[in-house]
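query_4.cif follows; it contains mmCIF, C-alpha atoms.
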data_structure
loop_
_atom_site.group_PDB
_atom_site.id
_atom_site.type_symbol
_atom_site.label_atom_id
_atom_site.label_comp_id
_atom_site.auth_asym_id
_atom_site.auth_seq_id
_atom_site.Cartn_x
_atom_site.Cartn_y
_atom_site.Cartn_z
ATOM 1 C CA MET A 599 13.023 2.133 -1.573
ATOM 2 C CA ALA A 600 10.841 -0.975 -1.730
ATOM 3 C CA ALA A 601 9.233 -1.329 1.686
ATOM 4 C CA SER A 602 7.460 -4.662 1.698
ATOM 5 C CA ALA A 603 4.924 -3.720 4.363
ATOM 6 C CA ILE A 604 3.987 -0.870 6.695
ATOM 7 C CA PHE A 605 2.560 -1.475 10.162
ATOM 8 C CA ILE A 606 1.123 0.856 12.765
ATOM 9 C CA LEU A 607 1.363 -0.656 16.234
ATOM 10 C CA ASP A 608 0.266 0.423 19.683
ATOM 11 C CA LEU A 609 2.822 0.593 22.511
ATOM 12 C CA LYS A 610 2.267 -3.059 23.379
ATOM 13 C CA GLY A 611 2.982 -4.149 19.802
ATOM 14 C CA LYS A 612 -0.603 -4.883 18.800
ATOM 15 C CA VAL A 613 -1.170 -4.262 15.093
ATOM 16 C CA LEU A 614 -3.688 -1.469 14.536
ATOM 17 C CA ILE A 615 -3.237 -1.150 10.775
ATOM 18 C CA CYS A 616 -1.009 -2.879 8.285
ATOM 19 C CA ARG A 617 -0.567 -2.879 4.548
ATOM 20 C CA ASN A 618 1.393 -5.490 2.616
ATOM 21 C CA TYR A 619 2.611 -3.756 -0.538
ATOM 22 C CA MET A 620 4.805 -6.377 -2.156
ATOM 23 C CA GLY A 621 3.674 -9.733 -0.793
ATOM 24 C CA ASN A 622 7.242 -10.925 -0.278
ATOM 25 C CA VAL A 623 7.182 -10.861 3.516
ATOM 26 C CA ASP A 624 5.208 -13.029 5.927
ATOM 27 C CA MET A 625 2.889 -10.704 7.819
ATOM 28 C CA SER A 626 3.566 -12.601 11.045
ATOM 29 C CA GLU A 627 7.148 -11.229 10.938
ATOM 30 C CA ILE A 628 5.865 -8.235 12.896
ATOM 31 C CA ASP A 629 5.385 -10.549 15.894
ATOM 32 C CA ASN A 630 9.187 -10.577 16.287
ATOM 33 C CA PHE A 631 9.483 -6.801 16.478
ATOM 34 C CA MET A 632 8.278 -6.007 20.017
ATOM 35 C CA PRO A 633 10.178 -8.809 21.793
ATOM 36 C CA ILE A 634 13.360 -7.609 20.083
ATOM 37 C CA MET A 635 12.576 -4.012 21.041
ATOM 38 C CA MET A 636 11.927 -4.989 24.680
ATOM 39 C CA ARG A 637 15.249 -6.855 24.889
ATOM 40 C CA ARG A 638 17.131 -3.985 23.300
ATOM 41 C CA GLU A 639 15.451 -1.450 25.552
ATOM 42 C CA GLU A 640 16.538 -3.440 28.625
ATOM 43 C CA ASP A 641 20.093 -3.498 27.264
ATOM 44 C CA ALA A 642 19.952 0.217 26.345
ATOM 45 C CA ASP A 643 20.752 -0.844 22.789
ATOM 46 C CA LEU A 644 17.962 0.785 20.784
ATOM 47 C CA SER A 645 18.726 1.483 17.158
ATOM 48 C CA PRO A 646 16.519 2.778 14.345
ATOM 49 C CA VAL A 647 17.028 -0.400 12.304
ATOM 50 C CA VAL A 648 16.309 -3.815 13.774
ATOM 51 C CA ILE A 649 17.401 -6.915 11.894
ATOM 52 C CA HIS A 650 15.962 -10.350 12.579
ATOM 53 C CA GLY A 651 17.169 -13.014 10.167
ATOM 54 C CA SER A 652 16.667 -11.598 6.689
ATOM 55 C CA THR A 653 13.983 -9.143 7.794
ATOM 56 C CA HIS A 654 14.770 -5.473 8.413
ATOM 57 C CA TYR A 655 12.487 -3.386 10.630
ATOM 58 C CA LEU A 656 12.801 0.369 10.181
ATOM 59 C CA TRP A 657 10.723 2.120 12.807
ATOM 60 C CA ILE A 658 9.769 5.418 14.358
ATOM 61 C CA LYS A 659 7.782 6.154 17.485
ATOM 62 C CA HIS A 660 5.145 8.872 17.409
ATOM 63 C CA SER A 661 2.973 9.603 20.461
ATOM 64 C CA ASN A 662 1.679 6.194 21.545
ATOM 65 C CA LEU A 663 2.349 4.488 18.196
ATOM 66 C CA TYR A 664 5.117 2.677 16.377
ATOM 67 C CA LEU A 665 5.240 3.042 12.604
ATOM 68 C CA VAL A 666 7.258 0.132 11.225
ATOM 69 C CA ALA A 667 8.402 -0.544 7.675
ATOM 70 C CA ILE A 668 9.508 -4.093 6.928
ATOM 71 C CA THR A 669 11.769 -5.009 4.064
ATOM 72 C CA LYS A 670 13.692 -8.060 2.922
ATOM 73 C CA ARG A 671 15.888 -6.038 0.580
ATOM 74 C CA ASN A 672 18.834 -3.752 1.011
ATOM 75 C CA THR A 673 16.892 -0.512 0.904
ATOM 76 C CA ASN A 674 17.585 3.190 1.241
ATOM 77 C CA ALA A 675 16.975 3.694 4.962
ATOM 78 C CA ALA A 676 16.971 7.500 4.696
ATOM 79 C CA LEU A 677 14.153 7.328 2.160
ATOM 80 C CA VAL A 678 12.173 4.919 4.350
ATOM 81 C CA TYR A 679 12.499 7.213 7.374
ATOM 82 C CA SER A 680 11.598 10.247 5.291
ATOM 83 C CA PHE A 681 8.492 8.388 4.133
ATOM 84 C CA LEU A 682 7.504 7.307 7.668
ATOM 85 C CA TYR A 683 7.814 10.871 8.983
ATOM 86 C CA LYS A 684 5.868 12.168 5.986
ATOM 87 C CA LEU A 685 3.168 9.571 6.706
ATOM 88 C CA VAL A 686 2.887 10.945 10.254
ATOM 89 C CA GLU A 687 2.554 14.424 8.766
ATOM 90 C CA VAL A 688 -0.212 13.338 6.367
ATOM 91 C CA PHE A 689 -2.175 11.541 9.090
ATOM 92 C CA THR A 690 -1.813 14.549 11.399
ATOM 93 C CA GLU A 691 -3.156 16.834 8.650
ATOM 94 C CA TYR A 692 -6.177 14.578 8.210
ATOM 95 C CA PHE A 693 -6.940 13.738 11.849
ATOM 96 C CA LYS A 694 -5.484 16.760 13.735
ATOM 97 C CA SER A 695 -3.504 14.396 15.972
ATOM 98 C CA LEU A 696 -2.016 11.003 15.309
ATOM 99 C CA GLU A 697 -2.638 8.598 18.139
ATOM 100 C CA GLU A 698 -4.167 5.188 18.658
ATOM 101 C CA GLU A 699 -7.700 6.523 18.938
ATOM 102 C CA SER A 700 -7.501 8.530 15.706
ATOM 103 C CA ILE A 701 -6.245 5.431 13.847
ATOM 104 C CA ARG A 702 -9.071 3.286 15.231
ATOM 105 C CA ASP A 703 -11.730 5.937 14.552
ATOM 106 C CA ASN A 704 -10.553 6.546 10.970
ATOM 107 C CA PHE A 705 -9.225 3.159 9.869
ATOM 108 C CA VAL A 706 -10.975 3.258 6.489
ATOM 109 C CA THR A 707 -9.391 6.619 5.664
ATOM 110 C CA VAL A 708 -6.025 5.342 6.941
ATOM 111 C CA TYR A 709 -6.179 2.380 4.551
ATOM 112 C CA GLU A 710 -7.184 4.647 1.669
ATOM 113 C CA LEU A 711 -4.305 7.002 2.418
ATOM 114 C CA MET A 712 -1.840 4.131 2.710
ATOM 115 C CA ASP A 713 -2.943 2.980 -0.744
ATOM 116 C CA GLU A 714 -2.453 6.497 -2.138
ATOM 117 C CA VAL A 715 0.950 7.266 -0.626
ATOM 118 C CA MET A 716 2.687 4.031 -1.602
ATOM 119 C CA ASP A 717 2.418 1.682 -4.549
ATOM 120 C CA PHE A 718 4.163 -1.706 -4.621
ATOM 121 C CA GLY A 719 6.496 -0.507 -1.861
ATOM 122 C CA PHE A 720 7.515 2.739 -3.547
ATOM 123 C CA PRO A 721 6.419 6.166 -2.229
ATOM 124 C CA GLN A 722 3.980 8.115 -4.365
ATOM 125 C CA THR A 723 2.219 11.359 -3.478
ATOM 126 C CA THR A 724 2.823 12.333 0.147
ATOM 127 C CA ASP A 725 1.685 15.955 -0.078
ATOM 128 C CA SER A 726 -1.398 16.216 2.120
ATOM 129 C CA LYS A 727 -2.827 19.115 0.088
ATOM 130 C CA ILE A 728 -2.757 17.041 -3.087
ATOM 131 C CA LEU A 729 -4.236 14.061 -1.244
ATOM 132 C CA LEU A 730 -7.054 16.218 0.149
ATOM 133 C CA GLU A 731 -7.807 17.560 -3.353
ATOM 134 C CA GLU A 732 -7.882 14.012 -4.759
ATOM 135 C CA GLU A 733 -10.284 12.983 -2.001
ATOM 136 C CA LYS A 734 -12.582 15.920 -2.788
ATOM 137 C CA ALA A 735 -12.504 15.083 -6.485
ATOM 138 C CA ARG A 736 -13.240 11.399 -5.752
ATOM 139 C CA THR A 737 -16.152 12.399 -3.483
ATOM 140 C CA LEU A 738 -17.587 14.686 -6.168
ATOM 141 C CA HIS A 739 -17.249 11.891 -8.728
ATOM 142 C CA ILE A 740 -19.003 9.393 -6.437
ATOM 143 C CA ASP A 741 -21.795 11.891 -5.729
ATOM 144 C CA ALA A 742 -22.239 12.501 -9.469
ATOM 145 C CA ASP A 743 -22.354 8.743 -10.111
ATOM 146 C CA ASN A 744 -24.978 8.233 -7.410
ATOM 147 C CA HIS A 745 -27.173 10.964 -8.880
ATOM 148 C CA THR A 746 -26.967 9.608 -12.418
ATOM 149 C CA SER A 747 -27.278 5.892 -11.705
ATOM 150 C CA SER A 748 -30.666 4.470 -12.516
ATOM 151 C CA GLY A 749 -30.306 1.179 -10.659
ATOM 152 C CA ALA A 750 -32.423 0.355 -7.640
ATOM 153 C CA THR A 751 -29.419 -0.793 -5.628
ATOM 154 C CA PRO A 752 -26.498 1.408 -4.600
ATOM 155 C CA ASN A 753 -23.005 0.979 -6.019
ATOM 156 C CA ASN A 754 -21.245 -1.127 -3.398
ATOM 157 C CA ALA A 755 -17.555 -1.837 -3.901
ATOM 158 C CA THR A 756 -16.166 -4.863 -2.108
ATOM 159 C CA ARG A 757 -12.617 -6.121 -1.849
ATOM 160 C CA GLY A 758 -11.859 -9.493 -3.293
ATOM 161 C CA SER A 759 -10.596 -12.352 -1.174
ATOM 162 C CA GLY A 760 -7.037 -11.746 -2.465
ATOM 163 C CA SER A 761 -6.695 -8.447 -0.628
ATOM 164 C CA ASN A 762 -3.336 -7.619 0.914
ATOM 165 C CA LEU A 763 -4.820 -6.014 4.008
ATOM 166 C CA CYS A 764 -4.264 -7.496 7.448
#

What is this structure when it is put down as structure tokens?
Amino acid sequence: MAASAIFILDLKGKVLICRNYMGNVDMSEIDNFMPIMMRREEDADLSPVVIHGSTHYLWIKHSNLYLVAITKRNTNAALVYSFLYKLVEVFTEYFKSLEEESIRDNFVTVYELMDEVMDFGFPQTTDSKILLEEEKARTLHIDADNHTSSGATPNNATRGSGSNLC
């Protein structure tokens, strides 16, 4: 499949969450998406794949959100759409409803889930039951580590400056 990046946008095109999986696409490419969509909507020419130069935008609309996958490669569009709909399903399982507010309120969990469901642009585990079990196991492991650590300061994990988050 090889999706370079996944974006979640509000209805105005503002980026709520994004994850750059491959690093081969300029993250500002998403700025082209909404103007193209507005033009196409005026012309009644909406299509599920939008191409701008060498960038392909594969998108779905759910509630008040756009989920957009960007790729520079010739990719399997059916697999990308299957993944995007599965992502909606996973987020809905976690947050009860997928809308702008639930993304904003749970952005840390959204990033963690986006890291779990895709690796280097290729889908991984998208079964919400498995993801929930992994989260429980990770929480139990963290709790066990906190109880056994003898240091005076807590274990704080920080992302390096080379992070591929927006």

Checklist entry - Distance atom CA of Ser661 of chain A-atom CA of Asp643 of chain A, one decimal place? => result 20.8 Å

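Distances from A:Trp657, A:Arg617, A:Tyr683, A:Thr669 to Leu644 of chain A were compared using all atoms listed in the file, and the smallest one belongs to A:Trp657.
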
Item to check | Selection result for the PyMOL selection byres ((chain A and resi 670) around 12) on this file, as a PyMOL selection string | outcome: chain A and resi 599-603+620-624+627+648-656+667-669+671-673+719

Item to check | Test item: the PyMOL selection byres ((chain A and resi 605) around 9) resolved as JSON, numbers by chain | outcome: {"A": [603, 604, 606, 607, 613, 614, 615, 616, 617, 618, 628, 664, 665, 666, 667, 668]}

Item to check | Selection result for the PyMOL selection byres ((chain A and resi 700) around 12) on this file, as a VMD selection string | outcome: chain A and resid 606 608 614 to 615 661 to 663 686 689 to 699 701 to 708

Checklist entry - So how far away is atom CA of His660 of chain A from atom CA of Leu609 of chain A, in Å? => result 10.0 Å

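Going from atom CA of Met625 of chain A over to atom CA of Ala675 of chain A, you cover 20.3 Å.
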
Checklist outcome for this item: Using all atoms listed in the file, the best pick from A:Ser645, A:Leu677, A:Tyr619, A:Lys659 as closest to Met712 of chain A would be A:Tyr619

Item to check | Nearest candidate to Ile658 of chain A (options A:Ala642, A:Met636, A:Leu685, A:Glu710; using all atoms listed in the file) | outcome: A:Leu685
